[in-house]
Every structure is written in C-alpha cells, then in structure tokens.
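Read through the structure below, which is laid out as structure tokens, and then see the notes.
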Amino acid sequence: MGNLEQRMDVVENSIKMAGLATKEVLTFDEAAIFTGLSKSYLYKLTSGQKIPHYKPAGKVLYFNREELQAWLLQNRVSTTDEVAEKAQSYCMTNKKGGKR
C-alpha cells in the first residue's frame with residue numbers, strides 16, 4: 001500500500017506543478033513549491049528583501065511567477081568549455097606586441 005501512496009503523491013505534486021506553471025501570481029506556499037525552497041528559507045529571503053515579492057495588505061506575501069523564474073536563473077555559472085573558449089579568444093586577440 002505504501003507504493004501506491006507514493007505514486008499518488010507524485011501524481012498530486014505533478015498536478016500542482018502544472019497548475020503553478022499557468023498562474024501569474026503565487027501565494028507563499030505555492031512559491032515555495034515552485035522554487036523548491038523550504039518555507040523557512042523563502043521567508044528569510046523575503047524578510048531580507050533578497051527575492052522579489054509583494055505585500056498588498058501589509059502581511060500576506062505574494063510572488064510573480066515570471067519574477068521568481070528570473071530570480072532563480074540569475075548569476076549563471078559558465079561551463080568549463082565556455083571559460084576555456086573565452087580564454088582562448090582573449091589570448092588570440094591580445095597577443096604580445098598587439099593592441100591591449
């Protein structure tokens with residue numbers, strides 16, 4: 001019976017995620033699910049004004065889904081291949097005796 005419950009949880013979570021993908025404004029709980037962050041860490045980010053959020057009534061927190069996506073995708077880390085390509089390009093354009 002445990003396996004069936006696990007499968008039902010997976011289906012339930014999939015349905016929730018599909019619904020979140022179409023909603024423009026997310027509640028605090030929905031934002032935690034959407035981002036995969038714990039509620040306590042999400043609260044810490046909001047209280048420190050580290051993540052974009054809205055408080056229209058002064059208490060309840062709301063999030064714009066697109067802003068959350070942009071926040072999640074900030075500070076991209078380059079792959080080692082991209083870094084090597086940039087280094088090679090830099091070295092080719094800045095040879096000794098050339099312009100710097």
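In the structure tokens, chains take letters A, B, ... by order of appearance, with residues numbered from 1 within each chain and ligands from 1 in the order shown.
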
Run DSSP on the backbone and grab whatever in region 34-74 of chain A lands in alpha helix (DSSP H); send it over as a VMD selection string.
chain A and resid 34 to 35 39 to 47 65 to 72

Once you count only C-alpha atoms, what closest atom pair and distance in Å to one decimal does each residue of region 6-59 of chain A within 8 Å of region 69-91 of chain A have, with rows by chain and rising residue number, as a tab-separated table?
```
residue	atom	partner	partner_atom	distance
A:Thr35	CA	A:Leu72	CA	7.6
A:Ile51	CA	A:Trp71	CA	7.1
A:Pro52	CA	A:Trp71	CA	7.8
```

Residue nearest Ser14 (chain A) among A:Leu42, A:Met92, A:Leu26, A:Ile33 (counting only C-alpha atoms):
A:Ile33

As an exercise, work out the distance from CA of Ala31 (chain A) to CA of Leu68 (chain A) in Å and give it to one decimal place.
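Separating CA of Ala31 (chain A) from CA of Leu68 (chain A) is a distance of 8.0 Å.
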
Quick one: residues within 10 Å of Lys23 (chain A), only C-alpha atoms, excluding same-chain residues fewer than 5 positions away - as JSON, numbers by chain?
{"A": [18, 30, 64, 65, 66]}

Mind writing the picked residues with N, CA and C atoms as a CSV table (one decimal), in the first residue's frame?
```csv
chain,number,residue,atom,x,y,z
A,18,ALA,N,1.8,21.7,-12.6
A,18,ALA,CA,1.2,22.1,-13.8
A,18,ALA,C,0.3,23.3,-13.6
A,30,GLU,N,2.7,28.3,-2.6
A,30,GLU,CA,2.9,28.0,-4.0
A,30,GLU,C,4.3,28.4,-4.4
A,64,ASN,N,5.3,37.1,-8.1
A,64,ASN,CA,5.0,37.0,-9.6
A,64,ASN,C,5.9,35.8,-10.1
A,65,ARG,N,5.2,34.9,-10.8
A,65,ARG,CA,5.9,33.7,-11.2
A,65,ARG,C,7.1,34.0,-12.2
A,66,GLU,N,6.9,34.9,-13.1
A,66,GLU,CA,8.0,35.3,-14.0
A,66,GLU,C,9.2,35.9,-13.3
```

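As for CA of Lys59 (chain A) and CA of Gly36 (chain A), they are spaced 22.4 Å apart.
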
From a backbone DSSP assignment, name each residue in region 4-94 of chain A labelled strand (DSSP E or B), as a list in words.
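Strand (DSSP E or B) assignments inside region 4-94 of chain A correspond to Val25, Leu26, Thr27, Tyr54, Tyr62, Phe63 and Asn64 of chain A.
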